[in-house]
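Below is one structure, written out as structure tokens, with a few remarks after it.
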Amino acid sequence: MEFTISQIAAMLGGEVKGDGQGKINMLAKIQDAKPGQIAFLSNPKYENYIYTTQASAVIVSKDFTPRKEIKATLILVADPYNSFTQLLEEYHKMMSFQKTGIEEPSFMGNKSVAGKNIYRGAFSYIGHNVKIGDNVKIYPHVFVGDNVVIGNNVILHPNVKLYADTKIGNNCVLHAGTVVGSDGFGFAPQSDGTYKSIPQMGNVIIEDDVVIGANTVIDCATMYGDSTVIRQGVKLDNLIQIAHNVEVGKNTVIAAQTGISGSTKLGEHCVIAGQVGIAGHLFIANNTSIGAQGGISKSIKEEGQKLIGYPVFDVKDYFRSYAVFKKLPDLNDRLRQLEKMIQGSGQDTPVNQDSLSQ
Amino acid sequence: MEFTISQIAAMLGGEVKGDGQGKINMLAKIQDAKPGQIAFLSNPKYENYIYTTQASAVIVSKDFTPRKEIKATLILVADPYNSFTQLLEEYHKMMSFQKTGIEEPSFMGNKSVAGKNIYRGAFSYIGHNVKIGDNVKIYPHVFVGDNVVIGNNVILHPNVKLYADTKIGNNCVLHAGTVVGSDGFGFAPQSDGTYKSIPQMGNVIIEDDVVIGANTVIDCATMYGDSTVIRQGVKLDNLIQIAHNVEVGKNTVIAAQTGISGSTKLGEHCVIAGQVGIAGHLFIANNTSIGAQGGISKSIKEEGQKLIGYPVFDVKDYFRSYAVFKKLPDLNDRLRQLEKMIQGSGQDTPVNQDSLSQ
Amino acid sequence: MEFTISQIAAMLGGEVKGDGQGKINMLAKIQDAKPGQIAFLSNPKYENYIYTTQASAVIVSKDFTPRKEIKATLILVADPYNSFTQLLEEYHKMMSFQKTGIEEPSFMGNKSVAGKNIYRGAFSYIGHNVKIGDNVKIYPHVFVGDNVVIGNNVILHPNVKLYADTKIGNNCVLHAGTVVGSDGFGFAPQSDGTYKSIPQMGNVIIEDDVVIGANTVIDCATMYGDSTVIRQGVKLDNLIQIAHNVEVGKNTVIAAQTGISGSTKLGEHCVIAGQVGIAGHLFIANNTSIGAQGGISKSIKEEGQKLIGYPVFDVKDYFRSYAVFKKLPDLNDRLRQLEKMIQGSGQDTPVNQDSLSQ
């Protein structure tokens, strides 16, 4: 994982000023950088560091005019911050997909096939009839059940568990401990007060470009042939619960510890904050935004709303109501005072005073 | 996993009409079924499919009179839907208990014993002095601590973790990533502001017919000889927290992401929705129903209540109060208006006007 | 794990009365104790048991005067309850650190080193360049990523997952299924409605004396060189979410299922109850106490407050407001009644009656 400064400049479409043959193996902040590392200067506030940095290279604006001598090689670009971010992404991607080969012992069942550039960590388990694409990284303690299909460029972090028949698209990342395809929570009440398990025979489909955090759970659909579906581009945080037959629409983002009950369909481009609860069999319109800890008990048909509360309503209205809620004892006192005044005023009114008492 | 149509008919107590020797290896919907599969016809709406289906067999009512020729063999029963459901359950059960044998490498400690028809997946770990019944399925990456006792017909999905001394009854299913027997959260505050861990030396007992979802956690009891207890027939969903010394009563059902604090005793036949929080050292009466995200801070002594809110009270009253909550700014305005009117009416009243100001 | 009664007496600074050579291998309650076990008598209510107990030894107050003959050897101490607790802690500590040696198969990468008295369970995985101190217990299915550093006296329960570059201090306990160092939830919205992953390149630092429950998740910091930090003495319960760049201050205690969003700094000695949600980029003052299910959306600058609600405010005020909330329909009726009275009183007031209608 080492590049020359010239190679990096070429990647960024930048111009080298100084020795382009220096080797770079890491990115760093300009104030912390050491030899062999590359930094960037964007905010003029940090300019002083460029004269003292030990970085081997610094990415700077092509309009930058040094006030003193600079030891580091410079790479001149249009927007140093963007270039550095681009570099960071490339570096991170390379690091993420760096591991290859098969560590032993690992397990692979009959009739299972995998593409090129695979990493299969020690103690990973791949069942029977599994199909795995190219450039897939399967960390230690991952479990891949029978008949699972996995696309290209997928990372399964340590201990991801994919139940049988799960389907995963391309470019997905699943973090440690996440479970995909466990039984939906379906039980039929019996006349003797017990519950009988309803067989859960469907599967889970995760489309392309999905990222799922750690220790999240996605249940399979109930009926054979049905699927719980996570659409393209969805991002799920840690410790989320997705129940059976749920569908999460394209590019929807859900923060940690949120739970979605069975058979609910979430629209596209929704933003669901943390610890939200959504009841079952609902429809949530596209572009819905739900504030943290919100509870949703009815379908949301109008697109683009921002909602909060339990149950949710408009976020601004919620905070207006909540402001009065905080003063409710005072409000109650004021009301009592008025009641006393009216009673005490000796007016001849048709009021039944009992009806005023709390 | 293949039966003749006659064998299936016998299992259902039905009558075969056509060739009973055809082989069946899968269940399917009548509109999707392929050769080798069995479907059912219950709703007359779907009758047309029976004349075109590729299913090898269809379960129909004994009162069904075809309007055209049918290629599939028929199985005549009293209630096709019930029979199909029964078949589905049998099939699912067989599939669930299908795996047998020992995949290597797997680990089994000293003096541990297991019954008949065991499956022990690769990388499963069984400690010392463990007793396992018949027909137990232990998937890859399962951890069974020392001295654990497991009954018959138990399925431990991948990566279930049973700490030492856990006891599990018959016919239980634990889903992937669930942890049983971790330390209770007990710390004694010290005078220097630190906390000292209180040794957690009890265990967890899970009785018969319990189902537990994925990534749920059940802590052990604090004292040696005490147990956290999950009674017979309890169903727990995913990502639930059961603290030390809790007891969950028979046939109680708890939805995902709910948390129950230490030493609380839940009654029988309770229905606890998702994301509910129950404080410690409480008693919850039988047949209590708690709505999603409810918070319980006091014991519930009267049976059969339906509660919600934080803290919970009667669910209908909650929604009545919440309806007014949503109009609180308006209510506040109305009150202010009345106050102005009274002040502005020039009446000779004994009111201290300061007391009316907010 | 066997001591003579005299050895135990010496450990407790107590005096033996009877045969000090008896062997003790377990602690028990006085009413349950069997030969080979040690019990204590503190509460006079239990005195009768001491004359019938089968315990080989009983810890009693040096002021205790038996009324009858006692078979068990006595250990006389100043405070029997404290002595027993001390013994319990020693016993538990010994049991916890009892396992040593390496079970096979287990995996250890290149250039990784470990100290003395290590336990490495079967199927545990230790990456490359890992540094592990003395007396560290690594249970089966634990994953330790590359470059991780672990101090002395650390217990990693089954299936703990430490991503690369994590640092763990001394005397820490991490329970089963906990994930440390997974990616923070950071995505940059793109003009086409998709989200691009922001590389998460920092790490997690866990200082000394930290205890973490089961299936909890702690995300790494975003920038290379930055850390999510859990300070000395922190205790985290099960199923907690700690987002990227969070800092949890010294000796802060957090109960189960609480979530803390990115970049928030919690003070020292805070007590956060279960299912609390804290938004991102906040500062929470020392000694803050948050009630269960509370939601925090603003920084808390004043130390020592007890808060609850969504968003949180003073806990006593919350319950006062909530008491009125439960009677809101009644309050609304009372207000309506007053409005009718004023309208019906025939006074000549400047009120626009429309403004009174709801």
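Chain identifiers are assigned as A, B, and so on, following the order in which chains appear in the structure tokens; residues are numbered from 1 within each chain, and ligands are numbered from 1 in order of appearance.
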Counting only C-alpha atoms, which residues of chain B fall within 6 Å of chain C, and what is the closest atom pair for each with its distance in Å at one decimal, ordered by chain and rising number, as a tab-separated table?
```
residue	atom	partner	partner_atom	distance
B:Thr194	CA	C:Asn251	CA	5.7
B:Pro199	CA	C:Glu89	CA	6.0
B:Ser321	CA	C:Leu328	CA	5.2
B:Arg334	CA	C:Leu356	CA	6.0
```
List every residue of range 15-178 of chain A that DSSP, applied to the backbone of this structure, assigns to strand (DSSP E), and report them as number ranges by chain. A: 15-17, 23-24, 26-27, 37-40, 57-61, 73-77, 101-102, 107-108, 113-114, 119-120, 125-126, 131-132, 137-138, 143-144, 149-150, 155-156, 161-162, 167-168, 173-174
Please write the residues from the selection above to a file, keeping C-alpha atoms, as a PDB file, in the first residue's frame.
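Output saved as again-v8.pdb:
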```pdb
ATOM      1  CA  GLU A  15       0.645  19.102 -10.599  1.00  0.00           C
ATOM      2  CA  VAL A  16       3.754  18.093  -8.652  1.00  0.00           C
ATOM      3  CA  LYS A  17       6.036  20.820  -7.303  1.00  0.00           C
ATOM      4  CA  LYS A  23       6.920   7.289  -1.267  1.00  0.00           C
ATOM      5  CA  ILE A  24       3.562   7.803   0.515  1.00  0.00           C
ATOM      6  CA  MET A  26      -0.549   7.026   4.832  1.00  0.00           C
ATOM      7  CA  LEU A  27      -2.754  10.117   5.075  1.00  0.00           C
ATOM      8  CA  GLN A  37       2.618  10.666   4.874  1.00  0.00           C
ATOM      9  CA  ILE A  38       0.557  13.090   2.819  1.00  0.00           C
ATOM     10  CA  ALA A  39      -1.505  15.985   4.242  1.00  0.00           C
ATOM     11  CA  PHE A  40      -3.523  18.881   2.821  1.00  0.00           C
ATOM     12  CA  ALA A  57       3.770  15.752   0.529  1.00  0.00           C
ATOM     13  CA  VAL A  58       1.033  18.349   0.980  1.00  0.00           C
ATOM     14  CA  ILE A  59      -1.954  18.900  -1.298  1.00  0.00           C
ATOM     15  CA  VAL A  60      -2.474  22.667  -1.764  1.00  0.00           C
ATOM     16  CA  SER A  61      -4.517  24.988  -3.933  1.00  0.00           C
ATOM     17  CA  THR A  73       6.683  18.232  -2.053  1.00  0.00           C
ATOM     18  CA  LEU A  74       3.476  20.020  -3.085  1.00  0.00           C
ATOM     19  CA  ILE A  75       0.630  18.693  -5.201  1.00  0.00           C
ATOM     20  CA  LEU A  76      -1.292  21.613  -6.723  1.00  0.00           C
ATOM     21  CA  VAL A  77      -5.004  21.038  -7.278  1.00  0.00           C
ATOM     22  CA  GLY A 101      -6.955 -15.699   0.253  1.00  0.00           C
ATOM     23  CA  ILE A 102      -8.315 -18.369   2.492  1.00  0.00           C
ATOM     24  CA  PHE A 107     -15.667 -24.319   5.956  1.00  0.00           C
ATOM     25  CA  MET A 108     -17.258 -24.386   2.509  1.00  0.00           C
ATOM     26  CA  VAL A 113     -18.754 -21.380  -5.668  1.00  0.00           C
ATOM     27  CA  ALA A 114     -16.914 -18.100  -5.223  1.00  0.00           C
ATOM     28  CA  TYR A 119     -11.067 -13.411   1.325  1.00  0.00           C
ATOM     29  CA  ARG A 120     -12.408 -16.144   3.543  1.00  0.00           C
ATOM     30  CA  TYR A 125     -18.660 -20.973   7.440  1.00  0.00           C
ATOM     31  CA  ILE A 126     -20.213 -21.187   4.005  1.00  0.00           C
ATOM     32  CA  LYS A 131     -22.962 -18.475  -4.939  1.00  0.00           C
ATOM     33  CA  ILE A 132     -20.460 -15.724  -4.181  1.00  0.00           C
ATOM     34  CA  LYS A 137     -14.470 -10.311   1.775  1.00  0.00           C
ATOM     35  CA  ILE A 138     -15.776 -12.788   4.323  1.00  0.00           C
ATOM     36  CA  PHE A 143     -22.003 -17.724   8.712  1.00  0.00           C
ATOM     37  CA  VAL A 144     -23.483 -18.016   5.227  1.00  0.00           C
ATOM     38  CA  VAL A 149     -26.411 -15.661  -3.248  1.00  0.00           C
ATOM     39  CA  ILE A 150     -23.912 -12.797  -2.808  1.00  0.00           C
ATOM     40  CA  ILE A 155     -17.809  -7.069   2.728  1.00  0.00           C
ATOM     41  CA  LEU A 156     -19.188  -9.292   5.467  1.00  0.00           C
ATOM     42  CA  LYS A 161     -24.999 -14.330   9.965  1.00  0.00           C
ATOM     43  CA  LEU A 162     -26.922 -14.930   6.760  1.00  0.00           C
ATOM     44  CA  LYS A 167     -29.833 -12.767  -1.453  1.00  0.00           C
ATOM     45  CA  ILE A 168     -27.326  -9.903  -1.332  1.00  0.00           C
ATOM     46  CA  VAL A 173     -21.200  -3.808   3.541  1.00  0.00           C
ATOM     47  CA  LEU A 174     -22.621  -5.669   6.563  1.00  0.00           C
TER      48      LEU A 174
END
```
What is the distance between CA of Val154 in chain B and CA of Asn129 in chain B, in Å to one decimal?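 These atoms are spaced 18.1 Å apart.
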Separation of CA of Cys220 in chain B from CA of Pro189 in chain B in Å: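 CA of Cys220 in chain B lies 20.8 Å from CA of Pro189 in chain B.
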Spatial neighbours of Met11 in chain C, 10 Å, only C-alpha atoms, chain gap at least 5 places, as a count of residues only: 6
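The list of residues with at least one atom within 9 Å of Ser289 in chain C, based on only C-alpha atoms and without residues fewer than 4 positions apart in the same chain, reads His269, Cys270, Val271, Ile272, Ala273, Gly304, Gln305, Lys306, Leu307 and Ile308 of chain C.
Taking CA of Thr166 in chain A and CA of Met94 in chain A as endpoints, the distance between them is 27.0 Å.
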Using only C-alpha atoms, which residues sit within 12 Å of Ile30 in chain B once same-chain residues fewer than 4 positions away are excluded, as an NGL selection string? :B and (34-35 or 37-43 or 45-60 or 72 or 84)
Distance query Ser227 in chain B at most 12 Å, only C-alpha atoms, self and fewer than 5 positions along chain excluded, as a PyMOL selection string: chain B and resi 165-167+180-181+183-184+200-207+218-222+243-248+262-263
